[in-house]
>>> print(open('coords_26.csv').read())   # CSV, C-alpha atoms and all ligand atoms
chain,number,residue,atom,x,y,z
A,15,MET,CA,72.7,69.7,77.0
A,16,ARG,CA,75.9,71.5,77.9
A,17,VAL,CA,76.0,75.3,78.2
A,18,VAL,CA,78.6,77.8,79.2
A,19,GLN,CA,77.5,80.0,82.0
A,20,VAL,CA,78.8,83.3,83.4
A,21,THR,CA,78.5,82.1,87.0
A,22,ARG,CA,79.3,85.6,88.5
A,23,PHE,CA,81.0,88.8,87.3
A,24,GLY,CA,84.7,88.5,87.0
A,25,GLY,CA,87.6,87.2,84.9
A,26,PRO,CA,87.4,84.5,82.3
A,27,GLU,CA,87.5,81.8,85.1
A,28,VAL,CA,83.8,82.7,86.0
A,29,LEU,CA,82.8,80.9,82.7
A,30,GLU,CA,81.9,77.3,83.6
A,31,THR,CA,80.4,74.5,81.6
A,32,ARG,CA,77.1,73.2,83.1
A,33,THR,CA,74.4,70.7,82.1
A,34,VAL,CA,70.9,72.0,81.8
A,35,PRO,CA,67.6,70.5,80.4
A,36,ASP,CA,67.3,70.5,76.6
A,37,PRO,CA,65.1,73.3,75.3
A,38,VAL,CA,61.9,72.8,73.4
A,39,ALA,CA,60.7,75.0,70.5
A,40,GLY,CA,57.5,77.0,71.3
A,41,PRO,CA,55.2,78.7,68.7
A,42,GLY,CA,57.2,80.5,66.0
A,43,GLU,CA,60.4,78.9,67.3
A,44,VAL,CA,63.0,76.3,66.2
A,45,VAL,CA,65.7,74.4,68.1
A,46,VAL,CA,69.1,74.7,66.5
A,47,LYS,CA,71.8,72.1,67.1
A,48,VAL,CA,74.7,74.4,67.4
A,49,ARG,CA,78.0,73.8,65.6
A,50,PHE,CA,79.6,77.3,66.1
A,51,ALA,CA,78.8,80.0,68.6
A,52,GLU,CA,80.3,83.4,68.0
A,53,ILE,CA,81.8,85.6,70.7
A,54,ASN,CA,81.4,89.4,70.7
A,55,PHE,CA,84.0,91.7,72.3
A,56,ILE,CA,81.3,93.2,74.4
A,57,GLU,CA,80.6,89.8,76.1
A,58,THR,CA,84.0,90.0,77.7
A,59,GLN,CA,83.1,93.4,79.2
A,60,LEU,CA,79.6,92.3,80.3
A,61,ARG,CA,81.2,89.2,81.9
A,62,ARG,CA,83.4,91.5,84.0
A,63,GLY,CA,80.2,93.4,85.1
A,64,ILE,CA,81.1,96.4,83.0
A,65,THR,CA,78.8,97.8,80.3
A,66,PRO,CA,79.5,100.3,77.6
A,67,GLY,CA,75.7,100.8,77.1
A,68,PRO,CA,73.4,97.8,77.1
A,69,PRO,CA,71.9,96.6,80.5
A,70,LEU,CA,74.0,94.1,82.4
A,71,PRO,CA,72.7,90.6,82.4
A,72,GLU,CA,72.3,89.1,85.8
A,73,PRO,CA,74.5,86.0,86.6
A,74,PRO,CA,74.1,83.1,86.2
A,75,TYR,CA,73.5,83.6,82.5
A,76,VAL,CA,74.5,81.9,79.2
A,77,PRO,CA,76.2,84.4,76.9
A,78,GLY,CA,76.3,84.3,73.1
A,79,ALA,CA,74.3,86.4,70.6
A,80,GLY,CA,74.7,84.3,67.5
A,81,VAL,CA,75.1,80.7,66.4
A,82,GLY,CA,75.4,78.5,63.3
A,83,GLY,CA,74.1,75.0,63.1
A,84,LEU,CA,71.4,72.7,61.8
A,85,VAL,CA,67.7,73.0,62.6
A,86,LEU,CA,66.8,70.1,64.9
A,87,SER,CA,63.1,70.6,65.5
A,88,VAL,CA,60.4,73.2,65.0
A,89,GLY,CA,57.5,74.6,67.0
A,90,ASP,CA,53.8,73.8,66.2
A,91,ASP,CA,53.2,76.5,63.7
A,92,VAL,CA,56.6,76.4,62.0
A,93,ASP,CA,57.4,74.8,58.6
A,94,ALA,CA,58.7,71.3,59.3
A,95,GLY,CA,60.7,71.6,56.1
A,96,LEU,CA,63.2,73.7,58.0
A,97,VAL,CA,64.5,70.6,59.9
A,98,GLY,CA,68.0,69.8,58.8
A,99,ARG,CA,68.7,73.2,57.1
A,100,ARG,CA,72.1,74.8,57.6
A,101,VAL,CA,71.4,78.1,59.3
A,102,VAL,CA,72.8,81.0,61.3
A,103,THR,CA,70.7,82.9,63.7
A,104,ARG,CA,70.9,85.6,66.4
A,105,THR,CA,69.5,84.4,69.7
A,106,PRO,CA,66.5,86.0,71.3
A,107,GLY,CA,67.7,88.7,73.8
A,108,PHE,CA,71.3,88.3,72.5
A,109,GLY,CA,72.0,85.6,75.0
A,110,GLY,CA,72.0,81.8,75.3
A,111,GLY,CA,74.2,81.0,72.3
A,112,ASN,CA,77.1,79.3,74.1
A,113,ALA,CA,75.2,76.0,74.2
A,114,GLU,CA,74.7,72.8,72.4
A,115,LEU,CA,71.1,73.6,71.6
A,116,VAL,CA,69.5,77.0,71.1
A,117,VAL,CA,65.9,78.1,70.7
A,118,ALA,CA,65.6,80.7,68.0
A,119,ARG,CA,62.8,82.5,66.3
A,120,ALA,CA,62.0,81.0,63.0
A,121,ALA,CA,61.8,84.5,61.6
A,122,ASP,CA,65.4,85.2,62.6
A,123,LEU,CA,66.9,82.2,60.7
A,124,ILE,CA,69.2,82.8,57.8
A,125,GLU,CA,70.0,79.9,55.5
A,126,VAL,CA,73.7,79.6,54.8
A,127,PRO,CA,74.4,80.0,51.1
A,128,ASP,CA,75.9,77.0,49.3
A,129,GLY,CA,79.7,77.2,49.2
A,130,LEU,CA,80.0,79.2,52.4
A,131,ALA,CA,81.5,77.4,55.4
A,132,LEU,CA,79.3,77.4,58.4
A,133,ALA,CA,82.1,78.8,60.6
A,134,ASP,CA,82.5,81.8,58.2
A,135,ALA,CA,78.7,82.3,58.1
A,136,THR,CA,78.6,82.3,61.9
A,137,ALA,CA,81.5,84.8,62.0
A,138,LEU,CA,79.6,87.1,59.6
A,139,LEU,CA,76.2,87.0,61.2
A,140,ILE,CA,76.5,89.8,63.7
A,141,ASP,CA,79.7,91.5,62.5
A,142,GLY,CA,78.5,91.4,58.9
A,143,ASN,CA,75.2,93.1,59.9
A,144,THR,CA,77.0,95.8,61.9
A,145,ALA,CA,79.8,96.4,59.4
A,146,VAL,CA,77.5,96.7,56.4
A,147,GLY,CA,75.3,99.2,58.4
A,148,LEU,CA,78.3,101.3,59.6
A,149,PHE,CA,79.7,101.3,56.0
A,150,ALA,CA,76.3,102.5,54.6
A,151,ASN,CA,76.0,105.2,57.2
A,152,ALA,CA,79.4,106.6,56.3
A,153,ALA,CA,78.5,107.0,52.6
A,154,ILE,CA,82.1,106.5,51.4
A,155,ARG,CA,82.9,107.8,47.9
A,156,PRO,CA,85.6,106.4,45.6
A,157,GLY,CA,89.0,107.9,46.3
A,158,GLU,CA,88.2,108.9,49.8
A,159,ARG,CA,90.8,108.2,52.5
A,160,VAL,CA,89.4,105.9,55.2
A,161,LEU,CA,91.0,105.1,58.6
A,162,VAL,CA,89.8,101.8,60.1
A,163,GLN,CA,90.9,101.4,63.8
A,164,ALA,CA,91.5,97.9,65.2
A,165,ALA,CA,91.5,96.9,61.5
A,166,ALA,CA,92.5,93.3,62.2
A,167,GLY,CA,89.4,92.8,64.5
A,168,GLY,CA,86.0,91.4,63.8
A,169,LEU,CA,84.4,94.6,62.5
A,170,GLY,CA,87.6,96.2,61.4
A,171,SER,CA,88.5,93.4,59.1
A,172,LEU,CA,85.2,93.7,57.3
A,173,LEU,CA,85.2,97.5,57.2
A,174,VAL,CA,88.6,97.5,55.5
A,175,GLN,CA,87.3,95.2,52.8
A,176,LEU,CA,84.0,97.1,52.3
A,177,ALA,CA,85.8,100.5,52.1
A,178,ARG,CA,88.3,99.1,49.7
A,179,ALA,CA,85.6,97.6,47.5
A,180,ALA,CA,84.0,101.0,47.4
A,181,GLY,CA,87.1,102.5,45.9
A,182,ALA,CA,88.4,104.1,49.1
A,183,ARG,CA,92.1,104.3,50.0
A,184,VAL,CA,92.3,102.5,53.3
A,185,VAL,CA,94.7,103.0,56.3
A,186,GLY,CA,94.3,100.3,58.9
A,187,THR,CA,95.6,100.5,62.4
A,188,ALA,CA,96.2,97.6,64.8
A,189,GLY,CA,98.6,96.5,67.5
A,190,GLY,CA,101.7,94.6,66.3
A,191,ALA,CA,103.3,93.4,63.1
A,192,ALA,CA,101.3,90.2,62.8
A,193,LYS,CA,98.0,92.0,62.9
A,194,LEU,CA,99.2,94.7,60.4
A,195,ALA,CA,100.1,91.9,58.0
A,196,VAL,CA,96.5,90.6,58.2
A,197,VAL,CA,95.2,94.2,57.5
A,198,ALA,CA,97.5,94.6,54.5
A,199,GLY,CA,96.2,91.2,53.2
A,200,LEU,CA,92.7,92.5,53.3
A,201,GLY,CA,93.5,95.4,50.9
A,202,ALA,CA,94.6,98.3,53.1
A,203,GLU,CA,96.9,100.6,51.2
A,204,ALA,CA,98.8,101.6,54.4
A,205,THR,CA,99.0,100.0,57.9
A,206,VAL,CA,100.0,101.7,61.1
A,207,ASP,CA,100.8,100.2,64.5
A,208,TYR,CA,98.9,102.5,66.9
A,209,SER,CA,100.7,100.9,69.9
A,210,ARG,CA,103.7,103.0,68.9
A,211,PRO,CA,104.3,106.6,69.8
A,212,GLY,CA,103.9,108.9,66.8
A,213,TRP,CA,101.3,106.6,65.1
A,214,ILE,CA,99.0,109.5,64.4
A,215,GLN,CA,101.7,111.3,62.4
A,216,GLU,CA,102.0,108.1,60.3
A,217,VAL,CA,98.3,108.2,59.7
A,218,LEU,CA,98.6,111.9,58.5
A,219,ASP,CA,101.6,110.9,56.3
A,220,ALA,CA,99.6,108.0,54.8
A,221,THR,CA,96.7,110.4,54.0
A,222,GLY,CA,98.8,113.0,52.2
A,223,GLY,CA,99.0,115.2,55.3
A,224,ARG,CA,95.2,116.0,55.1
A,225,GLY,CA,93.9,113.3,57.4
A,226,PRO,CA,91.2,110.7,56.7
A,227,ASP,CA,87.9,111.7,55.2
A,228,VAL,CA,86.2,108.9,57.2
A,229,VAL,CA,87.3,107.3,60.5
A,230,PHE,CA,85.8,104.0,61.8
A,231,ASP,CA,86.5,104.0,65.6
A,232,GLY,CA,85.7,101.0,67.6
A,233,VAL,CA,88.5,101.5,70.1
A,234,GLY,CA,87.8,104.9,71.7
A,235,GLY,CA,90.0,106.2,74.5
A,236,GLU,CA,93.1,108.2,73.7
A,237,LEU,CA,93.4,106.4,70.3
A,238,GLY,CA,89.9,107.5,69.3
A,239,ARG,CA,90.5,111.0,70.4
A,240,GLN,CA,93.7,111.3,68.4
A,241,ALA,CA,92.0,109.9,65.4
A,242,PHE,CA,89.2,112.5,65.7
A,243,GLU,CA,91.8,115.3,65.8
A,244,VAL,CA,93.2,114.4,62.4
A,245,THR,CA,89.9,113.8,60.6
A,246,ALA,CA,89.7,116.0,57.5
A,247,ARG,CA,87.4,119.0,57.2
A,248,GLY,CA,84.1,117.7,55.7
A,249,GLY,CA,84.8,114.2,56.9
A,250,ARG,CA,82.8,111.7,59.0
A,251,PHE,CA,83.9,110.3,62.3
A,252,SER,CA,82.0,107.1,62.9
A,253,VAL,CA,82.0,105.6,66.5
A,254,HIS,CA,80.9,102.0,67.1
A,255,GLY,CA,82.8,100.8,70.1
A,256,ALA,CA,84.9,101.1,73.2
A,257,SER,CA,87.3,98.2,73.3
A,258,SER,CA,89.8,100.4,75.1
A,259,GLY,CA,87.2,100.9,77.9
A,260,SER,CA,85.6,104.2,76.9
A,261,ALA,CA,84.0,105.3,73.6
A,262,THR,CA,85.2,108.5,71.9
A,263,THR,CA,83.0,111.4,72.8
A,264,VAL,CA,83.1,114.6,70.8
A,265,ASP,CA,81.6,117.9,71.8
A,266,PRO,CA,79.1,118.8,69.0
A,267,ALA,CA,80.4,122.4,68.9
A,268,GLU,CA,83.9,121.2,68.4
A,269,ALA,CA,82.7,118.9,65.6
A,270,ASP,CA,80.9,121.8,63.9
A,271,ARG,CA,83.9,124.0,64.2
A,272,ARG,CA,86.1,121.3,62.6
A,273,GLY,CA,83.5,120.6,59.9
A,274,VAL,CA,83.3,116.9,60.9
A,275,THR,CA,80.1,114.9,61.0
A,276,VAL,CA,80.0,112.6,64.0
A,277,LEU,CA,78.1,109.3,63.5
A,278,GLY,CA,77.8,108.4,67.2
A,279,LEU,CA,77.1,105.2,69.1
A,280,ASP,CA,73.4,105.9,68.7
A,281,GLN,CA,73.7,104.5,65.1
A,282,LEU,CA,74.1,101.0,66.7
A,283,ALA,CA,70.5,100.9,68.1
A,284,ALA,CA,69.0,100.9,64.7
A,285,LEU,CA,71.5,98.4,63.3
A,286,GLY,CA,70.5,95.9,66.1
A,287,GLN,CA,66.8,96.0,65.3
A,288,ASP,CA,65.7,96.2,61.7
A,289,GLY,CA,65.8,92.6,60.4
A,290,ASN,CA,68.4,90.4,58.7
A,291,GLU,CA,68.9,92.1,55.3
A,292,ARG,CA,72.5,93.3,56.1
A,293,ALA,CA,73.6,90.0,57.4
A,294,VAL,CA,72.0,88.2,54.4
A,295,HIS,CA,73.9,90.6,52.2
A,296,ALA,CA,77.2,89.9,54.0
A,297,LEU,CA,76.8,86.2,53.7
A,298,ALA,CA,76.0,86.5,50.0
A,299,GLU,CA,79.1,88.7,49.4
A,300,ALA,CA,81.2,86.1,51.2
A,301,ALA,CA,79.6,83.2,49.2
A,302,ALA,CA,80.5,85.1,46.0
A,303,GLY,CA,84.1,85.5,47.2
A,304,ARG,CA,83.9,89.3,47.6
A,305,LEU,CA,84.1,89.4,51.4
A,306,LYS,CA,86.3,87.3,53.6
A,307,ALA,CA,85.4,86.3,57.1
A,308,VAL,CA,88.5,86.5,59.3
A,309,VAL,CA,88.2,83.7,61.8
A,310,GLY,CA,91.2,84.1,64.1
A,311,ARG,CA,90.7,81.2,66.5
A,312,THR,CA,88.2,78.5,67.3
A,313,PHE,CA,87.9,77.0,70.7
A,314,PRO,CA,85.9,74.0,71.9
A,315,LEU,CA,82.8,75.1,73.8
A,316,GLU,CA,84.1,74.0,77.2
A,317,ARG,CA,87.2,76.2,76.7
A,318,ALA,CA,85.2,79.4,76.5
A,319,ALA,CA,87.3,80.8,79.3
A,320,GLU,CA,90.4,80.5,77.2
A,321,ALA,CA,88.6,82.1,74.3
A,322,HIS,CA,87.6,85.1,76.4
A,323,ALA,CA,91.2,85.4,77.8
A,324,ALA,CA,92.6,85.4,74.3
A,325,ILE,CA,90.2,88.2,73.2
A,326,GLU,CA,91.1,90.3,76.2
A,327,ALA,CA,94.8,89.8,75.7
A,328,ARG,CA,94.3,91.1,72.2
A,329,ALA,CA,95.8,87.8,71.0
A,330,VAL,CA,93.3,87.0,68.3
A,331,ASN,CA,92.6,88.3,64.8
A,332,GLY,CA,89.0,88.8,63.5
A,333,LYS,CA,86.3,86.7,65.0
A,334,THR,CA,86.7,84.1,67.8
A,335,LEU,CA,84.3,81.2,67.7
A,336,LEU,CA,83.4,78.3,70.0
A,337,GLU,CA,82.9,74.9,68.3
A,338,VAL,CA,80.3,72.6,69.8
B,401,LIG,N1,80.8,93.2,66.5
B,401,LIG,C1,79.7,94.0,66.5
B,401,LIG,O1,78.8,93.7,65.7
B,401,LIG,C2,79.6,95.2,67.3
B,401,LIG,C3,78.4,95.9,67.4
B,401,LIG,C4,78.3,97.0,68.2
B,401,LIG,C5,79.4,97.5,68.8
B,401,LIG,N2,80.6,96.8,68.7
B,401,LIG,C6,81.8,97.3,69.5
B,401,LIG,O2,82.8,97.6,68.5
B,401,LIG,C7,84.1,97.3,69.1
B,401,LIG,C8,84.8,96.4,68.2
B,401,LIG,O3,84.1,95.2,68.2
B,401,LIG,P1,84.6,93.9,67.5
B,401,LIG,O4,83.7,92.8,67.8
B,401,LIG,O5,85.0,94.2,66.1
B,401,LIG,O6,86.0,93.6,68.4
B,401,LIG,P2,87.4,93.3,67.8
B,401,LIG,O7,87.9,94.5,67.0
B,401,LIG,O8,87.4,92.0,67.2
B,401,LIG,O9,88.2,93.3,69.2
B,401,LIG,C9,88.6,94.5,69.8
B,401,LIG,C10,89.9,95.0,69.3
B,401,LIG,O10,90.2,96.2,70.0
B,401,LIG,C11,91.5,96.5,70.1
B,401,LIG,N3,91.8,97.0,71.4
B,401,LIG,C12,92.2,98.3,71.7
B,401,LIG,N4,92.4,98.5,73.0
B,401,LIG,C13,92.0,97.3,73.6
B,401,LIG,C14,92.0,96.9,75.0
B,401,LIG,N5,92.3,97.8,76.0
B,401,LIG,N6,91.6,95.6,75.2
B,401,LIG,C15,91.2,94.8,74.3
B,401,LIG,N7,91.3,95.1,72.9
B,401,LIG,C16,91.7,96.4,72.6
B,401,LIG,C17,92.2,95.1,69.8
B,401,LIG,O11,92.9,95.2,68.6
B,401,LIG,P3,94.5,95.6,68.6
B,401,LIG,O12,95.2,94.5,69.4
B,401,LIG,O13,94.9,95.6,67.2
B,401,LIG,O14,94.6,96.9,69.3
B,401,LIG,C18,91.1,94.1,69.7
B,401,LIG,O15,91.4,93.2,68.7
B,401,LIG,C19,83.8,96.8,70.5
B,401,LIG,O16,83.9,97.8,71.4
B,401,LIG,C20,82.4,96.3,70.4
B,401,LIG,O17,81.7,96.2,71.6
B,401,LIG,C21,80.7,95.7,68.0
>>> encode(input="coords_26.csv", output="structure tokens")
Amino acid sequence: MRVVQVTRFGGPEVLETRTVPDPVAGPGEVVVKVRFAEINFIETQLRRGITPGPPLPEPPYVPGAGVGGLVLSVGDDVDAGLVGRRVVTRTPGFGGGNAELVVARAADLIEVPDGLALADATALLIDGNTAVGLFANAAIRPGERVLVQAAAGGLGSLLVQLARAAGARVVGTAGGAAKLAVVAGLGAEATVDYSRPGWIQEVLDATGGRGPDVVFDGVGGELGRQAFEVTARGGRFSVHGASSGSATTVDPAEADRRGVTVLGLDQLAALGQDGNERAVHALAEAAAGRLKAVVGRTFPLERAAEAHAAIEARAVNGKTLLEV
């Protein structure tokens, strides 16, 4: 089968297509014939040899934490009735997904609801799990003002919709007019281009001068810091990423003084571990038409390097997929 390997740490060009032996399902496992593999932003950082937290994989390795496809075969003790089912699944160890065939744990499989496109289900598998968890942790109340940073991105596009559906008034930030149009289309009441000077004043204006009650910050760096500084007293500042290169860190004493609760990166560890319920919920919401997966671009498997380059150039909306 063909796989995409990170052959060494470096730019997108280190991604190469290789042929390796087909995998076989062991006990408790299935082989999935992959149709779509999703790419997470962090994979571009790990490929460069930079980690915002998790251990660095050692090249050569096959990246890819989630796939969608059809069950091709099952291990000895697994229900043979699974063969042919349309599923999405995370991959063991969050790797190996950029491949024609993937071994997955039968317990990790999620059947794709009728009426939901496999590409959309694949896009929602990991981002849906994370977004639903972050949203729950932030305990948003109707009428609250919510700032979603990188709101046209994979997580951002879902957080905008979840907050909106909870009755919040959403301000979404992103870089450039095209992305802001996407964010407005997802239900944000106001959009702000945070690549422009003075953006934070626009956020204040859009929140009645008071600042947001809740901030979802996946960008970090100076943009995250500025967002923390306008978070309203009594608010929550939720950190989930570092797409700028560094996550926002807040001195607990400063947060106390400002009356802001910080939901830090440590919330992610729990979201990565405790089963599939949130992803199942996200897929059900999408099948019911209440949550839209934003799939920006889909590249053929062998063009994974182009896909990584597009993500790093901030040239894609929402989720980027590889099609196999
Ligand atoms: N997806 C998950 O389930 C998950 C789980 C845990 C942690 N995270 C973390 O959460 C963050 C967002 O993840 P995501 O998957 O939803 O990614 P994403 O938002 O789809 O992509 C990252 C976005 O960050 C913005 N950005 C700001 N500065 C950037 C820079 N210097 N280089 C590249 N992009 C920059 C870009 O939007 P603009 O062009 O609009 O600025 C870009 O679209 C990442 O740090 C990720 O590691 C994600």
>>> atom_distance(input="coords_26.csv", atom1="atom CA of A:Val217", atom2="atom O12 of ligand LIG 401 (chain B)")
17.1 Å
>>> residues_near_ligand(input="coords_26.csv", ligand="ligand LIG 401 (chain B)", cutoff="7 Å", atoms="all atoms listed in the file", output="PyMOL selection string")
chain A and resi 54-56+140-141+143-145+164-170+187-190+193+232-233+254-259+282+325-333
>>> closest_residue(input="coords_26.csv", among="A:Arg311, A:His322, A:Arg159, A:Arg99", to="A:Val244", atoms="only C-alpha atoms")
A:Arg159
>>> closest_residue(input="coords_26.csv", among="A:Ala152, A:Val116, A:Leu29, A:Val92", to="A:Pro73", atoms="only C-alpha atoms")
A:Leu29
>>> closest_residue(input="coords_26.csv", among="A:Pro156, A:Pro226, A:Pro106, A:Gly238", to="A:Asp122", atoms="all atoms listed in the file")
A:Pro106
>>> residues_around(input="coords_26.csv", residues="A:Pro69", least_positions_apart="6", cutoff="12 Å", atoms="all atoms listed in the file", output="list of chain:residue names")
A:Ile56, A:Glu57, A:Gln59, A:Leu60, A:Arg61, A:Gly63, A:Gly107, A:Phe108
>>> closest_atom_pairs(input="coords_26.csv", of="stretch 95-170 of chain A", to="stretch 19-25 of chain A", cutoff="12 Å", atoms="all atoms listed in the file", output="JSON lines")
{"residue": "A:Gly109", "atom": "CA", "partner": "A:Gln19", "partner_atom": "CA", "distance": 10.5}
{"residue": "A:Gly110", "atom": "CA", "partner": "A:Gln19", "partner_atom": "CA", "distance": 8.9}
{"residue": "A:Gly111", "atom": "CA", "partner": "A:Gln19", "partner_atom": "CA", "distance": 10.3}
{"residue": "A:Asn112", "atom": "CA", "partner": "A:Gln19", "partner_atom": "CA", "distance": 7.9}
{"residue": "A:Ala113", "atom": "CA", "partner": "A:Gln19", "partner_atom": "CA", "distance": 9.1}
